[in-house]
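Engineer: This is upload-v4.txt (compact mmCIF, C-alpha atoms).
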```
# COMPACT_ATOMS: atom_id res chain seq x y z
CA MET A 180 -59.84 16.06 98.54
CA ILE A 181 -59.76 18.61 101.30
CA TYR A 182 -62.69 20.90 102.03
CA GLU A 183 -61.13 23.99 100.42
CA ASP A 184 -60.91 22.19 97.04
CA LYS A 185 -64.50 20.89 96.95
CA ALA A 186 -66.00 23.93 95.21
CA LYS A 187 -63.27 23.95 92.57
CA TYR A 188 -63.60 20.26 91.64
CA THR A 189 -67.34 19.51 91.80
CA ASP A 190 -67.29 18.32 88.17
CA ILE A 191 -64.74 15.61 89.02
CA LEU A 192 -66.85 14.58 92.03
CA GLU A 193 -69.95 14.28 89.82
CA HIS A 194 -67.99 12.28 87.22
CA SER A 195 -66.72 9.95 89.97
CA ILE A 196 -70.25 9.33 91.24
CA THR A 197 -71.41 8.48 87.71
CA TYR A 198 -68.47 6.07 87.35
CA LEU A 199 -69.37 4.33 90.61
CA GLU A 200 -73.07 4.08 89.66
CA ASN A 201 -72.08 2.47 86.35
CA HIS A 202 -69.94 -0.07 88.20
CA GLY A 203 -72.72 -1.34 90.46
CA PHE A 204 -72.34 0.79 93.58
CA GLU A 205 -75.55 1.78 95.32
CA ASN A 206 -76.71 3.82 98.32
CA ILE A 207 -74.20 6.51 97.35
CA LYS A 208 -73.60 9.33 99.80
CA ALA A 209 -71.52 12.31 98.71
CA ASP A 210 -70.75 15.81 99.89
CA LEU A 211 -72.64 17.21 96.91
CA GLU A 212 -76.05 18.77 96.36
CA GLY A 213 -78.67 16.13 95.62
CA TYR A 214 -76.95 13.43 97.69
CA GLU A 215 -77.05 12.59 101.36
CA THR A 216 -73.92 13.82 103.15
CA PRO A 217 -71.64 11.09 104.55
CA LYS A 218 -70.94 10.94 108.27
CA SER A 219 -68.24 13.37 109.42
CA TYR A 220 -65.64 12.58 112.05
CA THR A 221 -64.25 15.35 114.27
CA LYS A 222 -60.86 15.21 115.93
CA ALA A 223 -61.18 15.50 119.70
CA GLY A 224 -59.83 18.76 121.06
CA SER A 225 -59.77 20.59 117.73
CA ASN A 226 -62.05 21.85 115.01
CA ILE A 227 -60.71 19.52 112.29
CA SER A 228 -63.51 17.54 110.67
CA ILE A 229 -62.97 14.66 108.25
CA THR A 230 -65.68 13.72 105.77
CA PRO A 231 -65.14 11.06 103.09
CA ASP A 232 -65.82 12.40 99.59
CA ILE A 233 -68.01 9.43 98.66
CA VAL A 234 -69.43 6.50 100.64
CA ALA A 235 -71.18 3.70 98.72
CA GLN A 236 -72.16 0.08 99.06
CA LYS A 237 -71.58 -2.85 96.76
CA GLU A 238 -72.53 -6.43 97.50
CA GLY A 239 -73.30 -5.53 101.13
CA ARG A 240 -69.88 -4.04 101.83
CA LYS A 241 -69.28 -0.36 102.55
CA HIS A 242 -66.67 1.47 100.49
CA TYR A 243 -65.06 4.81 101.36
CA PHE A 244 -63.75 6.85 98.43
CA ASP A 245 -61.56 9.92 98.45
CA ILE A 246 -60.72 11.92 95.36
CA SER A 247 -57.00 12.50 95.03
CA LEU A 248 -56.08 15.84 93.47
CA LYS A 249 -53.02 18.04 93.85
CA SER A 250 -53.42 20.10 96.99
CA GLU A 251 -51.87 23.06 98.74
CA LYS A 252 -52.11 21.17 102.05
CA PRO A 253 -50.61 17.70 101.48
CA LYS A 254 -50.13 17.06 105.22
CA LEU A 255 -53.87 17.42 105.84
CA LEU A 256 -54.61 15.13 102.90
CA LYS A 257 -52.18 12.48 104.17
CA SER A 258 -53.77 12.48 107.61
CA LYS A 259 -57.24 12.17 106.05
CA TRP A 260 -56.16 9.16 104.00
CA LEU A 261 -54.52 7.47 106.99
CA PHE A 262 -57.66 8.01 109.05
CA LEU A 263 -59.99 6.66 106.34
CA ASN A 264 -57.69 3.67 105.77
CA THR A 265 -57.72 2.86 109.49
CA LEU A 266 -61.48 3.41 109.77
CA SER A 267 -62.17 1.08 106.87
CA ALA A 268 -59.92 -1.60 108.36
CA LEU A 269 -61.72 -1.38 111.71
CA LYS A 270 -65.17 -1.64 110.14
CA SER A 271 -64.30 -4.39 107.62
CA SER A 272 -64.98 -2.07 104.72
CA ARG A 273 -62.87 -0.83 101.81
CA PHE A 274 -61.02 2.44 101.18
CA LYS A 275 -60.11 3.44 97.64
CA LEU A 276 -58.72 6.54 96.00
CA ILE A 277 -60.09 8.03 92.81
CA THR A 278 -57.74 10.13 90.71
CA VAL A 279 -57.78 11.78 87.30
CA ARG A 280 -55.22 12.41 84.61
CA GLY A 281 -52.55 14.88 85.68
CA HIS A 282 -52.73 13.81 89.32
CA TYR A 283 -51.41 10.20 89.13
CA LYS A 284 -47.80 11.01 90.09
CA PHE A 285 -48.87 13.27 92.96
CA THR A 286 -51.15 10.54 94.29
CA GLN A 287 -48.52 7.81 94.05
CA ASP A 288 -45.89 10.00 95.76
CA MET A 289 -48.33 10.76 98.59
CA LEU A 290 -49.16 7.06 99.05
CA ASP A 291 -45.46 6.18 99.15
CA ALA A 292 -44.86 8.93 101.74
CA ILE A 293 -47.49 7.53 104.13
CA ASN A 294 -46.49 3.93 103.47
CA LEU A 295 -49.61 2.82 101.58
CA PRO A 296 -47.94 1.93 98.25
CA ASN A 297 -50.21 -1.04 97.47
CA LYS A 298 -53.44 0.98 97.64
CA ALA A 299 -55.48 0.39 94.49
CA LEU A 300 -56.25 3.53 92.53
CA ILE A 301 -59.33 4.11 90.40
CA LYS A 302 -58.14 6.13 87.43
CA ILE A 303 -60.87 8.08 85.67
```
Would it be possible to restate this file's structure as structure tokens?

Structural biologist:
Amino acid sequence: MIYEDKAKYTDILEHSITYLENHGFENIKADLEGYETPKSYTKAGSNISITPDIVAQKEGRKHYFDISLKSEKPKLLKSKWLFLNTLSALKSSRFKLITVRGHYKFTQDMLDAINLPNKALIKI
């Protein structure tokens, strides 16, 4: 999710963290009070900063998670997903999207648009 939507959807972020904890993820970092904030990446020459919604580890492998919700700025969301997908490929880690009911179609259309149709979704 993009930064402007974080305040509106904190309950979904909390629910996602609980889901991940129940499925064996540990060392969870999230952009939420009570958790350590994940590392942010800033685009050179601009003020655009990308922070993964959740970063966790399972079986020694790092996983990047982004929560997919309908957004007013789909172009920014697409670029964030492409960046996180590339970053995870470079670092031999995993990138997954978490989505909730009512946002499945939007998420799948966005993935098709950026040519990531085989990306596994976690549906909560």

Engineer: Nearest to Lys241 in chain A: which of A:Lys259, A:Lys270, A:Lys222, A:Lys185 is it, counting all atoms listed in the file?

Structural biologist: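 Of all the options, A:Lys270 lies closest to Lys241 in chain A.
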
Engineer: I need the residue nearest Glu212 in chain A from this list: A:Leu199, A:Leu266, A:Leu192, A:Ile227. Use only C-alpha atoms for the distance.

Structural biologist: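 The shortest atom-to-atom distance to Glu212 in chain A comes from A:Leu192.
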
Engineer: So that I can check the surroundings of range 271-279 of chain A, please list as a list in words every protein, DNA and RNA residue that reaches within 7 Å of it, counting all atoms listed in the file and ignoring chain neighbours fewer than 4 positions away.

Structural biologist: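 Within the cut-off, the hits are Arg240, Lys241, His242, Tyr243, Phe244, Asp245, Ile246, Ser247, Leu248, Leu263, Asn264, Ser267, Tyr283, Ala299, Leu300, Ile301, Lys302 and Ile303 of chain A.
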
Engineer: What gap, in Å, lies between CA of Lys249 in chain A and CA of Met180 in chain A?

Structural biologist: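 Separation of CA of Lys249 in chain A and CA of Met180 in chain A: 8.5 Å.
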
Engineer: Would you work out the distance separating CA of Ile293 in chain A from CA of Lys257 in chain A, expressed in Å to one decimal?

Structural biologist: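 Between these atoms lies a distance of 6.8 Å.
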
Engineer: Using all atoms listed in the file, pick whichever of A:Glu238, A:Asp232, A:Asp291, A:Glu251 has the shortest atom-to-atom distance to Thr189 in chain A.

Structural biologist: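 Distance minimum relative to Thr189 in chain A lands on A:Asp232.
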
Engineer: Of the candidates A:Lys237, A:Arg280, A:Lys187, A:Lys298, which shows the shortest atom-to-atom distance to Leu261 in chain A, using all atoms listed in the file?

Structural biologist: A:Lys298

Engineer: So how far away is CA of Asn297 in chain A from CA of Glu200 in chain A, in Å?

Structural biologist: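 According to the coordinates, CA of Glu200 in chain A and CA of Asn297 in chain A are separated by 24.7 Å.
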
Engineer: Go through A:Ala292, A:Ile229, A:Ala235, A:Leu211 and flag the residue nearest Asp190 in chain A, using only C-alpha atoms for the distances.

Structural biologist: A:Leu211

Engineer: List as a CSV table (one decimal) with C-alpha atoms, in the coordinates of the input the protein and nucleic acid residues near range 213-218 of chain A, meaning an atom at most 8 Å away when all atoms listed in the file are counted, but skip any in the same chain fewer than 3 places from it.

Structural biologist:
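Result saved to selection_1.csv:
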```
chain,number,residue,atom,x,y,z
A,207,ILE,CA,-74.2,6.5,97.4
A,208,LYS,CA,-73.6,9.3,99.8
A,209,ALA,CA,-71.5,12.3,98.7
A,210,ASP,CA,-70.8,15.8,99.9
A,230,THR,CA,-65.7,13.7,105.8
A,231,PRO,CA,-65.1,11.1,103.1
A,232,ASP,CA,-65.8,12.4,99.6
A,233,ILE,CA,-68.0,9.4,98.7
A,234,VAL,CA,-69.4,6.5,100.6
```
